[in-house]
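All remarks here apply to the structure that follows.
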Amino acid sequence: MINFFKGLSGPTIAVFLARTMLGLVFLMAGWWKVFTLTPAVHAQQFFIEGFKDSWIPEWLLWALGTAIPPFELVAGLLLVAGLWTRLTVSLTGLLLLLTTYGHALQQPLFDIDGHTFTRLALILFVLMIPSESDRLSIDGVRRAKG
């Protein structure tokens, strides 16, 4: 076991930890929103009621409010496994842009210090590390096999 870790570079371990942490955060948020809260309640509470006085049409609020929970769940699973990592991390980054806009629409001086900034930092870190360093992932195994 120790020999295995001796063969791993710092960037390989770092990107594994960051990708997996990011994946767990999205996975657990998605799990709760899909299986405890439910996507319909998520849409109603956080989108329909939260943006009823905004310019956003109700059909779009329903679409986004019900789509985000399963997206977070699937994205979290993909990140933990390390499958399609670059695409998944990029899409979660776009989701953060969308949700940040929504929060800022509700509260112009929205404080991003909580979940948003943490997720953004992990996303940027994973994107900045070369893909080849992410060896402890399904993508890494696929790359090694050619």
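By order of appearance in the structure tokens: chains A, B, ..., then residues from 1 within every chain, and ligands from 1 in the order shown.
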Counting only C-alpha atoms, what is within 12 Å of Leu95 (chain A), bar same-chain residues fewer than 2 positions away, as a compact mmCIF listing (two decimals) with C-alpha atoms, in the first residue's frame?
```
# COMPACT_ATOMS: atom_id res chain seq x y z
CA PHE A 26 -22.67 17.74 -5.34
CA LEU A 64 -34.51 24.61 -13.84
CA GLY A 65 -35.88 23.86 -10.39
CA ALA A 67 -33.59 19.61 -13.41
CA ILE A 68 -30.94 20.84 -11.00
CA PRO A 69 -31.41 18.16 -8.29
CA PHE A 71 -28.06 17.04 -12.38
CA GLU A 72 -26.25 17.56 -9.07
CA ALA A 75 -22.57 15.15 -11.60
CA THR A 88 -18.68 17.46 -15.66
CA VAL A 89 -16.54 20.01 -13.82
CA SER A 90 -17.18 22.57 -16.56
CA LEU A 91 -20.94 21.99 -16.39
CA THR A 92 -20.95 22.30 -12.60
CA GLY A 93 -19.09 25.59 -13.03
CA LEU A 97 -22.77 30.84 -12.56
CA LEU A 98 -26.50 30.27 -13.00
CA THR A 99 -27.20 29.91 -9.29
CA THR A 100 -24.99 32.87 -8.42
CA TYR A 101 -26.97 35.01 -10.87
CA GLY A 102 -30.18 33.79 -9.25
CA THR A 116 -20.56 28.71 -3.77
CA ARG A 119 -17.27 24.72 -4.94
CA LEU A 120 -15.81 27.33 -7.28
CA ILE A 123 -13.77 23.49 -9.74
```
| said: Report as a PyMOL selection string all protein, DNA and RNA residues lying within 10 Å of Thr85 (chain A), evaluated on only C-alpha atoms, omitting residues in the same chain fewer than 5 positions from it. | reply: chain A and resi 19+75+78-80+90-91+126-127+131+134+137-140
Restricted to N, CA and C atoms, what would the selected residues look like written as a compact mmCIF listing (two decimals), in the first residue's frame?
```txt
# COMPACT_ATOMS: atom_id res chain seq x y z
N ARG A 19 -11.25 16.58 -6.64
CA ARG A 19 -12.34 16.07 -7.47
C ARG A 19 -13.33 15.27 -6.64
N ALA A 75 -23.89 14.51 -11.53
CA ALA A 75 -22.57 15.15 -11.60
C ALA A 75 -21.70 14.71 -10.43
N LEU A 78 -20.45 11.18 -11.12
CA LEU A 78 -19.41 11.19 -12.15
C LEU A 78 -18.09 11.74 -11.62
N LEU A 79 -18.16 12.75 -10.78
CA LEU A 79 -16.93 13.32 -10.23
C LEU A 79 -16.26 12.38 -9.23
N VAL A 80 -17.03 11.73 -8.39
CA VAL A 80 -16.45 10.77 -7.45
C VAL A 80 -15.76 9.64 -8.22
N SER A 90 -16.80 21.37 -15.81
CA SER A 90 -17.18 22.57 -16.56
C SER A 90 -18.68 22.85 -16.42
N LEU A 91 -19.49 21.81 -16.52
CA LEU A 91 -20.94 21.99 -16.39
C LEU A 91 -21.33 22.41 -14.97
N VAL A 126 -9.45 21.78 -10.02
CA VAL A 126 -9.50 20.56 -10.85
C VAL A 126 -9.28 20.90 -12.32
N LEU A 127 -9.83 22.00 -12.78
CA LEU A 127 -9.64 22.39 -14.18
C LEU A 127 -8.21 22.83 -14.48
N SER A 131 -5.12 17.06 -17.11
CA SER A 131 -5.92 15.83 -17.07
C SER A 131 -5.07 14.60 -16.80
N ASP A 134 -4.71 13.24 -13.27
CA ASP A 134 -5.84 12.58 -12.59
C ASP A 134 -5.83 11.08 -12.91
N SER A 137 -8.77 7.73 -11.33
CA SER A 137 -10.11 7.98 -11.84
C SER A 137 -10.39 7.02 -12.99
N ILE A 138 -11.64 6.90 -13.35
CA ILE A 138 -11.98 6.09 -14.52
C ILE A 138 -11.35 6.71 -15.77
N ASP A 139 -11.38 8.04 -15.87
CA ASP A 139 -10.73 8.71 -17.01
C ASP A 139 -9.25 8.35 -17.05
N GLY A 140 -8.59 8.35 -15.90
CA GLY A 140 -7.17 8.03 -15.84
C GLY A 140 -6.87 6.61 -16.26
```
| task | For CA of Gln107 (chain A) and CA of Trp55 (chain A), quote the distance in Å rounded to one decimal. | result |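 Interatomic distance, CA of Gln107 (chain A) to CA of Trp55 (chain A): 14.7 Å.
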| note | In Å and to one decimal, CA of Leu87 (chain A) is distant from CA of Ala14 (chain A) by 19.0 Å
| query | Leaving out Gln106 (chain A) and any residue of its chain fewer than 5 positions from it, which residues lie within 12 Å of it when counting only C-alpha atoms, given as an MDAnalysis selection string? | reply | chainID A and resid 46:47 49:56 99:101 111
| Could you pull out all residues of chain A with a DSSP call of helix (DSSP H, G or I) and give them as a PyMOL selection string? | chain A and resi 2-6+10-37+39-48+58-81+85-106+115-128+131-133+138-145
| said: Which residues are near Phe4 (chain A)? Cut-off 12 Å, only C-alpha atoms, ignore same chain within fewer than 4 positions. Put them as a PyMOL selection string. | reply: chain A and resi 8-9+13+136
| query | Pick from A:Thr38, A:Asn3, A:Thr12, A:Thr118: nearest to Ser133 (chain A), with only C-alpha atoms counted? | reply | A:Thr12
| How many Å lie between CA of Gln44 (chain A) and CA of Leu22 (chain A), rounded to one decimal? |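 Computing it gives 26.2 Å between the two atoms.
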| message | Please determine, counting only C-alpha atoms, which residue among A:Ala121, A:Val34, A:Ala63, A:Leu24 has the shortest atom-to-atom distance to Ile48 (chain A). | response | A:Ala63
| task | Could you tell me which of A:Gly146, A:Gly82, A:Gly76, A:Pro108 comes closest to Gly23 (chain A) if we count only C-alpha atoms? | result |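 Once distances to Gly23 (chain A) are computed over only C-alpha atoms, the minimum belongs to A:Gly76.
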